[in-house]
Structure formats: C-alpha cells, structure tokens
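Content type compact mmCIF, C-alpha atoms, from the file data_5.txt:
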# COMPACT_ATOMS: atom_id res chain seq x y z
CA MET A 1 -9.19 50.05 -25.53
CA GLY A 2 -8.02 49.12 -29.01
CA ARG A 3 -4.50 50.38 -28.30
CA PHE A 4 -4.45 48.48 -25.00
CA CYS A 5 -5.48 45.22 -26.66
CA PHE A 6 -2.89 45.77 -29.38
CA ALA A 7 -0.20 46.34 -26.76
CA ILE A 8 -1.19 43.18 -24.93
CA ALA A 9 -1.16 41.22 -28.19
CA MET A 10 2.28 42.57 -29.11
CA ALA A 11 3.57 41.72 -25.65
CA GLY A 12 2.34 38.18 -26.20
CA VAL A 13 4.10 37.99 -29.55
CA LEU A 14 7.33 39.31 -28.07
CA CYS A 15 7.03 36.94 -25.12
CA GLY A 16 6.47 34.05 -27.48
CA ALA A 17 9.46 35.12 -29.54
CA GLY A 18 11.48 35.33 -26.34
CA TRP A 19 10.54 31.81 -25.33
CA ALA A 20 11.36 30.57 -28.82
CA GLN A 21 14.79 32.21 -28.65
CA GLU A 22 15.37 30.80 -25.19
CA ALA A 23 14.48 27.33 -26.45
CA GLU A 24 16.90 27.74 -29.36
CA ASN A 25 19.63 28.92 -26.98
CA MET A 26 18.99 25.86 -24.80
CA LYS A 27 19.54 23.55 -27.79
CA THR A 28 22.81 25.30 -28.61
CA HIS A 29 23.90 25.13 -25.00
CA ARG A 30 23.04 21.44 -24.67
CA ALA A 31 25.12 20.51 -27.73
CA GLU A 32 28.05 22.82 -26.98
CA TRP A 33 30.06 20.14 -25.18
CA PHE A 34 29.37 17.73 -28.04
CA GLN A 35 30.89 20.03 -30.64
CA LYS A 36 33.93 20.60 -28.42
CA ALA A 37 34.34 16.83 -28.04
CA ARG A 38 34.75 16.59 -31.85
CA TRP A 39 34.61 12.79 -32.10
CA GLY A 40 33.68 9.66 -30.22
CA VAL A 41 33.42 5.87 -30.29
CA PHE A 42 30.25 3.79 -30.70
CA THR A 43 29.91 0.07 -30.00
CA HIS A 44 27.09 -2.38 -30.64
CA TYR A 45 27.20 -4.26 -27.35
CA MET A 46 24.20 -6.54 -27.85
CA ALA A 47 23.26 -10.12 -27.08
CA ASP A 48 23.09 -11.01 -30.76
CA THR A 49 26.47 -9.45 -31.62
CA VAL A 50 28.63 -10.58 -28.71
CA LEU A 51 26.95 -13.95 -28.04
CA LYS A 52 25.48 -16.86 -29.97
CA ASP A 53 22.01 -18.09 -29.00
CA ALA A 54 21.89 -15.85 -25.93
CA THR A 55 19.91 -16.86 -22.86
CA VAL A 56 19.13 -14.86 -19.74
CA GLU A 57 21.98 -16.67 -17.98
CA THR A 58 24.61 -16.19 -20.68
CA TRP A 59 23.62 -12.55 -21.19
CA ASN A 60 23.95 -11.76 -17.49
CA ALA A 61 27.28 -13.56 -17.40
CA ALA A 62 28.55 -11.49 -20.33
CA VAL A 63 27.41 -8.18 -18.85
CA ASP A 64 28.93 -9.12 -15.49
CA ARG A 65 32.36 -9.69 -17.03
CA PHE A 66 32.35 -6.45 -19.04
CA ASP A 67 35.53 -4.70 -17.86
CA VAL A 68 34.48 -1.05 -17.66
CA ASN A 69 37.85 0.15 -16.38
CA ALA A 70 39.77 -1.49 -19.21
CA LEU A 71 37.43 0.04 -21.78
CA ALA A 72 37.76 3.46 -20.16
CA ASP A 73 41.55 3.16 -20.37
CA THR A 74 41.29 2.21 -24.05
CA LEU A 75 39.01 5.13 -24.90
CA ALA A 76 41.25 7.56 -23.05
CA SER A 77 44.33 6.22 -24.86
CA VAL A 78 42.86 7.08 -28.28
CA GLY A 79 41.57 10.48 -27.19
CA ALA A 80 37.86 9.72 -27.61
CA GLY A 81 35.68 12.72 -26.82
CA TYR A 82 32.72 10.57 -25.71
CA TYR A 83 31.44 6.99 -25.79
CA VAL A 84 28.10 5.63 -27.08
CA ILE A 85 26.84 2.15 -26.20
CA THR A 86 23.70 0.25 -27.15
CA LEU A 87 21.21 -0.44 -24.38
CA GLY A 88 19.80 -3.24 -26.52
CA GLN A 89 18.06 -3.74 -29.82
CA ASN A 90 15.99 -6.34 -31.64
CA SER A 91 16.74 -9.36 -29.45
CA GLY A 92 15.00 -7.89 -26.41
CA PHE A 93 18.09 -8.20 -24.18
CA TYR A 94 19.19 -4.96 -22.46
CA CYS A 95 22.35 -4.15 -20.50
CA SER A 96 20.57 -2.36 -17.67
CA PRO A 97 17.62 -3.33 -15.46
CA ASN A 98 14.26 -1.66 -16.06
CA ALA A 99 11.30 -2.46 -13.83
CA THR A 100 8.87 -0.61 -16.10
CA TYR A 101 9.85 -2.75 -19.08
CA ASP A 102 9.53 -5.94 -17.01
CA ARG A 103 6.12 -4.90 -15.69
CA ILE A 104 4.73 -4.03 -19.13
CA THR A 105 6.08 -7.09 -20.94
CA GLY A 106 5.62 -9.58 -18.13
CA ILE A 107 8.75 -11.41 -19.31
CA ALA A 108 10.32 -13.52 -16.56
CA PRO A 109 13.09 -14.05 -15.93
CA SER A 110 13.91 -10.58 -17.16
CA LYS A 111 15.99 -10.10 -20.30
CA CYS A 112 17.25 -6.86 -18.78
CA SER A 113 20.61 -7.51 -17.14
CA LYS A 114 20.88 -7.52 -13.35
CA ARG A 115 23.97 -5.32 -13.54
CA ASP A 116 23.44 -1.71 -14.50
CA LEU A 117 26.26 -1.55 -17.01
CA ILE A 118 25.48 2.08 -17.87
CA ALA A 119 25.90 3.24 -14.27
CA ASP A 120 29.14 1.30 -13.95
CA LEU A 121 30.48 2.68 -17.23
CA TYR A 122 29.86 6.19 -15.97
CA GLU A 123 31.93 5.50 -12.84
CA ALA A 124 34.84 4.36 -15.01
CA LEU A 125 34.55 7.05 -17.72
CA HIS A 126 33.79 10.12 -15.61
CA PRO A 127 37.21 10.38 -13.91
CA LYS A 128 38.77 10.38 -17.38
CA GLY A 129 36.49 13.15 -18.63
CA ILE A 130 34.72 10.98 -21.21
CA PRO A 131 30.94 11.65 -21.44
CA LEU A 132 28.62 8.67 -21.82
CA MET A 133 25.76 8.40 -24.33
CA VAL A 134 23.29 5.58 -25.04
CA TYR A 135 21.59 4.07 -28.09
CA LEU A 136 18.04 2.73 -28.16
CA PRO A 137 15.65 1.86 -31.00
CA SER A 138 12.47 3.91 -31.25
CA GLY A 139 10.50 0.68 -31.57
CA ALA A 140 10.07 -2.52 -29.61
CA PRO A 141 12.49 -5.45 -30.06
CA ASP A 142 11.13 -6.94 -33.27
CA ARG A 143 12.64 -10.39 -32.72
CA ASP A 144 10.89 -10.78 -29.39
CA PRO A 145 7.21 -11.55 -30.15
CA GLU A 146 6.24 -11.54 -26.47
CA ALA A 147 7.61 -8.03 -25.95
CA MET A 148 6.11 -6.75 -29.19
CA LYS A 149 2.64 -7.97 -28.23
CA ALA A 150 2.79 -6.54 -24.71
CA LEU A 151 4.15 -3.20 -25.87
CA GLU A 152 1.57 -3.09 -28.69
CA TRP A 153 4.15 -2.45 -31.37
CA LYS A 154 3.54 -3.03 -35.07
CA ALA A 155 6.49 -2.66 -37.38
CA GLY A 156 5.99 -1.24 -40.87
CA LYS A 157 8.19 -2.06 -43.83
CA HIS A 158 11.56 -0.34 -43.74
CA PRO A 159 11.61 2.31 -46.50
CA ARG A 160 15.26 1.55 -47.12
CA TRP A 161 14.44 -1.95 -48.30
CA ASP A 162 10.88 -1.60 -49.61
CA THR A 163 9.93 0.45 -52.64
CA ALA A 164 6.51 1.27 -51.16
CA PRO A 165 6.89 2.30 -47.50
CA VAL A 166 4.05 1.11 -45.30
CA LYS A 167 3.01 3.01 -42.20
CA PRO A 168 3.05 0.99 -38.98
CA GLY A 169 -0.34 0.04 -37.58
CA ASP A 170 -3.07 0.32 -40.21
CA GLU A 171 -5.70 1.21 -37.61
CA ASP A 172 -3.45 3.51 -35.60
CA PRO A 173 -0.48 4.85 -37.59
CA ARG A 174 0.64 6.87 -34.55
CA LEU A 175 0.85 3.76 -32.35
CA GLU A 176 -0.09 5.98 -29.43
CA THR A 177 -0.38 3.22 -26.86
CA PHE A 178 3.01 1.82 -27.79
CA GLN A 179 4.63 5.25 -27.73
CA ARG A 180 3.34 6.02 -24.24
CA LYS A 181 4.60 2.67 -22.97
CA TRP A 182 7.99 3.12 -24.61
CA GLU A 183 8.34 6.64 -23.23
CA SER A 184 7.69 5.28 -19.73
CA VAL A 185 10.47 2.72 -20.19
CA ILE A 186 12.87 5.43 -21.37
CA ARG A 187 11.83 7.73 -18.53
CA GLU A 188 12.76 5.14 -15.88
CA TRP A 189 16.27 4.80 -17.26
CA SER A 190 16.72 8.55 -17.63
CA GLU A 191 15.53 9.33 -14.11
CA ARG A 192 17.79 6.67 -12.61
CA TRP A 193 20.93 7.80 -14.42
CA GLY A 194 20.33 11.53 -14.21
CA GLU A 195 23.37 13.50 -15.39
CA LYS A 196 25.45 10.34 -15.78
CA VAL A 197 24.08 10.02 -19.33
CA ARG A 198 24.76 13.03 -21.54
CA GLY A 199 22.92 12.00 -24.69
CA TRP A 200 20.57 9.62 -26.51
CA TRP A 201 20.64 8.32 -30.08
CA PHE A 202 17.26 6.88 -31.11
CA ASP A 203 17.26 4.52 -34.08
CA GLY A 204 14.49 3.61 -36.49
CA CYS A 205 12.44 6.82 -36.68
CA TYR A 206 11.33 5.84 -40.18
CA TYR A 207 7.78 7.22 -39.99
CA PRO A 208 8.13 10.75 -38.58
CA ASP A 209 4.99 12.12 -40.20
CA ALA A 210 2.77 9.23 -39.15
CA MET A 211 4.09 8.78 -35.62
CA TYR A 212 5.74 11.92 -34.29
CA ARG A 213 4.83 15.13 -36.15
CA HIS A 214 1.72 15.98 -34.16
CA SER A 215 0.77 18.94 -32.01
CA THR A 216 -0.30 16.72 -29.09
CA PRO A 217 1.61 13.94 -27.32
CA PRO A 218 2.86 11.41 -28.04
CA ASN A 219 5.15 13.23 -30.47
CA PHE A 220 8.76 14.24 -30.93
CA ASP A 221 8.54 16.63 -27.98
CA SER A 222 7.20 14.04 -25.53
CA PHE A 223 9.72 11.48 -26.81
CA ALA A 224 12.60 13.90 -26.17
CA ALA A 225 11.12 14.89 -22.79
CA ALA A 226 11.14 11.25 -21.66
CA ALA A 227 14.84 10.98 -22.55
CA ARG A 228 15.58 14.22 -20.68
CA ALA A 229 13.45 13.33 -17.63
CA GLY A 230 16.55 12.80 -15.51
CA ASN A 231 18.84 15.29 -17.23
CA ALA A 232 17.38 18.39 -18.87
CA GLY A 233 20.74 18.99 -20.54
CA SER A 234 20.84 15.62 -22.30
CA ILE A 235 21.24 15.83 -26.09
CA VAL A 236 18.85 13.82 -28.27
CA ALA A 237 18.84 12.71 -31.92
CA PHE A 238 16.28 10.75 -33.96
CA ASN A 239 17.52 8.56 -36.80
CA PRO A 240 15.54 8.38 -40.09
CA GLY A 241 17.98 5.87 -41.58
CA VAL A 242 20.81 6.44 -44.04
CA VAL A 243 20.34 9.88 -45.60
CA ASN A 244 23.06 11.82 -47.40
CA PRO A 245 23.21 14.80 -47.22
CA ILE A 246 22.59 14.52 -43.51
CA ILE A 247 19.32 16.06 -42.28
CA THR A 248 17.56 16.94 -39.05
CA LEU A 249 14.10 15.50 -38.42
CA THR A 250 12.70 17.85 -35.80
CA PRO A 251 13.40 20.92 -33.65
CA ALA A 252 13.11 18.54 -30.67
CA GLU A 253 16.55 17.09 -31.42
CA ASP A 254 19.87 18.73 -30.54
CA TYR A 255 22.13 17.04 -33.08
CA THR A 256 21.75 15.09 -36.30
CA ALA A 257 21.64 11.30 -36.03
CA GLY A 258 23.74 11.24 -39.19
CA GLU A 259 23.75 7.53 -40.04
CA ILE A 260 25.99 7.08 -43.07
CA ASP A 261 27.17 3.90 -44.79
CA GLN A 262 29.60 5.58 -47.23
CA PRO A 263 31.45 8.22 -45.18
CA ARG A 264 33.82 9.06 -48.05
CA GLU A 265 30.85 10.66 -49.83
CA VAL A 266 29.91 12.97 -46.96
CA VAL A 267 30.47 16.71 -47.35
CA CYS A 268 29.99 18.69 -44.15
CA PRO A 269 28.42 22.11 -44.87
CA GLY A 270 29.24 23.54 -41.44
CA SER A 271 28.60 23.11 -37.75
CA ARG A 272 24.79 23.10 -37.96
CA ILE A 273 21.90 21.80 -40.00
CA GLU A 274 19.13 24.27 -39.19
CA HIS A 275 18.99 24.21 -35.36
CA ALA A 276 20.93 20.94 -34.89
CA GLN A 277 24.62 20.29 -34.35
CA TYR A 278 26.03 18.54 -37.42
CA HIS A 279 27.04 14.96 -36.65
CA MET A 280 27.94 11.89 -38.70
CA LEU A 281 27.86 8.30 -37.45
CA SER A 282 29.47 5.56 -39.53
CA TYR A 283 31.40 2.33 -39.15
CA ILE A 284 35.03 1.46 -39.83
CA GLY A 285 34.42 -2.25 -40.45
CA LYS A 286 32.69 -4.06 -43.29
CA TRP A 287 29.36 -3.43 -41.59
CA TRP A 288 28.04 -2.29 -38.21
CA ALA A 289 30.07 -4.10 -35.52
CA GLY A 290 31.81 -6.02 -38.31
CA SER A 291 35.42 -6.93 -39.09
CA PRO A 292 37.87 -6.43 -40.72
CA PRO A 293 38.38 -2.68 -41.23
CA ARG A 294 37.40 -1.42 -44.69
CA PHE A 295 39.48 1.78 -44.39
CA THR A 296 43.10 2.49 -43.55
CA PRO A 297 43.90 4.56 -40.45
CA GLU A 298 44.94 7.39 -42.76
CA GLU A 299 41.54 7.34 -44.48
CA VAL A 300 39.72 7.44 -41.15
CA ALA A 301 41.87 10.38 -40.08
CA ALA A 302 41.13 12.28 -43.30
CA MET A 303 37.37 11.70 -43.13
CA THR A 304 37.31 12.75 -39.49
CA ARG A 305 39.36 15.88 -40.14
CA ASN A 306 37.20 16.96 -43.07
CA ILE A 307 34.16 17.14 -40.79
CA VAL A 308 35.57 18.45 -37.51
CA LYS A 309 37.46 21.28 -39.20
CA LYS A 310 34.07 22.68 -40.25
CA GLY A 311 32.60 22.38 -36.77
CA GLY A 312 30.96 18.99 -37.23
CA VAL A 313 31.18 15.92 -34.98
CA VAL A 314 32.11 12.37 -35.98
CA THR A 315 31.29 9.04 -34.31
CA TRP A 316 33.00 5.82 -35.41
CA ASP A 317 31.49 2.39 -34.73
CA VAL A 318 33.90 -0.48 -34.01
CA PRO A 319 33.38 -4.11 -32.88
CA ILE A 320 33.46 -4.95 -29.18
CA GLY A 321 33.72 -8.27 -27.36
CA ALA A 322 31.53 -9.70 -24.63
CA ASP A 323 34.14 -8.59 -22.08
CA GLY A 324 34.04 -4.99 -23.32
CA ALA A 325 37.32 -5.10 -25.26
CA ILE A 326 37.46 -3.24 -28.58
CA ALA A 327 38.72 -5.41 -31.45
CA PRO A 328 42.50 -4.80 -31.60
CA GLU A 329 42.63 -4.47 -35.40
CA PHE A 330 40.65 -1.21 -35.07
CA MET A 331 42.88 0.49 -32.53
CA ASP A 332 45.18 2.16 -35.06
CA HIS A 333 42.12 3.62 -36.77
CA LEU A 334 40.81 5.10 -33.54
CA ARG A 335 44.23 6.50 -32.67
CA ALA A 336 44.34 8.11 -36.10
CA ALA A 337 40.94 9.74 -35.58
CA GLY A 338 41.99 11.05 -32.18
CA LYS A 339 45.26 12.41 -33.53
CA ALA A 340 43.49 14.11 -36.43
CA CYS A 341 41.17 15.93 -34.01
CA HIS A 342 44.06 16.85 -31.74
CA ILE A 343 45.97 18.39 -34.64
CA GLU A 344 42.88 20.15 -35.96
CA SER A 345 42.26 21.76 -32.56
CA GLY A 346 45.82 23.06 -32.52
CA GLY A 347 46.82 20.69 -29.73

Rewrite the coordinates I just gave you, this time as structure tokens.
Amino acid sequence: MGRFCFAIAMAGVLCGAGWAQEAENMKTHRAEWFQKARWGVFTHYMADTVLKDATVETWNAAVDRFDVNALADTLASVGAGYYVITLGQNSGFYCSPNATYDRITGIAPSKCSKRDLIADLYEALHPKGIPLMVYLPSGAPDRDPEAMKALEWKAGKHPRWDTAPVKPGDEDPRLETFQRKWESVIREWSERWGEKVRGWWFDGCYYPDAMYRHSTPPNFDSFAAAARAGNAGSIVAFNPGVVNPIITLTPAEDYTAGEIDQPREVVCPGSRIEHAQYHMLSYIGKWWAGSPPRFTPEEVAAMTRNIVKKGGVVTWDVPIGADGAIAPEFMDHLRAAGKACHIESGG
C-alpha cells in the first residue's frame, strides 16, 4: 500500500512537471514569430495626441479617415516585422467599438469609435505579412472621471514620480471589482478579433504585488487569459514602467514589456529573460509620439543591431497623424532599423 501511494504521488509529480514543461514550451512557441520578426513599429494613435480638444464627433471623423492601406504600404517599405497601435489611453477615447465598455460606463454617445480600426488594419497588414499588436493601459482612463467611477478604478501614485509609492485603493489594494470589469472589456475585443491580433502590450502595471501576484483570480493569469480569449497564441507583456536592465514581471507574460527612455544605455544579455522573450520598446523622438528625432538614422540602426544580433526584439515608437501617416522626418530612421535587421539576418 505504501509503495502504491508513493507511485501515485510520483506520477502526480511527474505529471505536474510535464504540464509545467508544456506550459513553458507554449510560451516559447507563442513568442517564436516575435523573435523572428526582430523589430517593429509602435504608434500612439490617441485622441489627445492626434487631435486637440477631441469630441465624439471629431474622434470618429479622425478614425474614419485613417488610411490603413497607406500605412501598410509604409510599414512594408521599411521592412517592419510587426505593428503595434494604441487602442486608447487616458482620455477614454478608443479606436474600436466595445459594447461591454459602453454598458459598464454608461457613457453616451460612446467614446469608442464606430469604425473598428483594428479589424481594418488587419485586412491591410495581413496580405503584406505584417502581424498586428495592440496597446492598452492596465487601468481605467484616468482623465475620464465618469469612466473611472463606473469601472471602480482608483489610481495610486506613480512610483516613477513619487518617492513613496502608494498602493491603489486603500480598502482594496487588489481592486478586484475593477479588474474583473476591465478583463471583461478586454475579453470582448479579443474574442471579436481572434487571430487577427497577435499580441498585447499592457501599460501601467505599477503595483504587481498588490494587484496581480495572487493565487486566485483576478491575477496575472486571469489578465493574460482575457487577452488570449480569442487567440490562445497571442503574446502578452505587462509593463512595470521604465526599468533598466529590462525585467519580466510574471510567468504569465511571453515577452518583456521593455519600456526604455535611454536606449543607448541598454545592454541585451541574450534572447530571453527567464521565460520571456527579450524585448525593448523605446522612442526615436524627443518623447513618446514626439518630434523631432533625437537620434540619427545611423544611431537607430546601431541600437537595433546590438539587440537583435543577440536574439532580442526591438520596437520603435514614432509620431503618427490623424490620417494614419507616419511623420516623414522619421522615415529614414525606420528604414535604417529595417536595413540593420536585414543585414543581421544575412539577407
């Protein structure tokens, strides 16, 4: 009887180890295309960056005139391996409809665009072999009081700017109700797009211990599951803010968020940080979505090459207009990044 119980216990251990290995293999498999892509382009397409004093009408008009085919041609011309676009951020305006968000917030008319820009971008990018990824904050739009109240979000002080970080929600540092609502919003988008969206980059995960590192949902696992609801192969990253050396926050993510403000100072140690694909995201302009460029094309090429030659991935943020056109003064920089990756791959 003792030997039998021991055998059963060992089988359980081995089974558990097998599942753990399978999960690790799944992470590697999900991020495999990302490493092969080597580099991509990120744009902050948001109401408060492409418009002044946005309204529902002006936001819808801007999204409607976004020329997805022209942008796809531009990205293909520089050799971008993928494209990342913001769904929305602090203003509360989003470039894709979401009935769950509208129902929870009760905001009418909706600040979510009538056009599903993400779906239309996929149709333009897919024939050119350029995968599409999306950006979304992990918190509610903090310049939209109506949405914040309805979503039950309480923002803590950003540890980057405050010497004494404060956990969000004194009574409920996990913000469980908010998290469940936000996951339902994310799930609707993911299920609608399915395999059209290949990855998610979640900003503002500044309180991982308080909000996400728990054995029961809501946690990192449930957050990632919501993003993968429509595509089990979708890669996910959670951003803790600017951290150099680049780190990974959780086994639930497939690649490092890698937000960096001084990319010259980054040293890539290899293709992975623990389980996660190594990835750096930075900006070529004076600030996110800002002009003019602060680097020469040659500098961008060198920084890109130094990371991809070690198996890492690089994403460069550049300004974009309301019509979806990338600022022309950044085109030489993007061409240089694409050429550097082409040479590095032996192409």

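Here the question is which of A:Phe178, A:Tyr135, A:Phe238, A:Tyr82 gets nearest to A:Gln35 using all atoms listed in the file, and that residue is A:Tyr82.
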
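Atom CA of A:Asp332 lies 6.0 Å from atom CA of A:Pro297.
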
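A straight line drawn from atom CA of A:Glu188 to atom CA of A:Glu123 is 19.4 Å long.
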
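Compared by their closest atoms to A:Ala210, and using only C-alpha atoms, the residues A:Ala327, A:Arg174, A:Glu32, A:Thr86 rank with A:Arg174 nearest.
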
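Here the residues that fall within 9 Å of (16.1, 2.2, -16.3), using all atoms listed in the file, are given as Ser96, Pro97, Asn98, Ala99, Thr100, Tyr101, Asp116, Val185, Ile186, Arg187, Glu188, Trp189, Ser190, Glu191, Arg192 and Trp193 of chain A.
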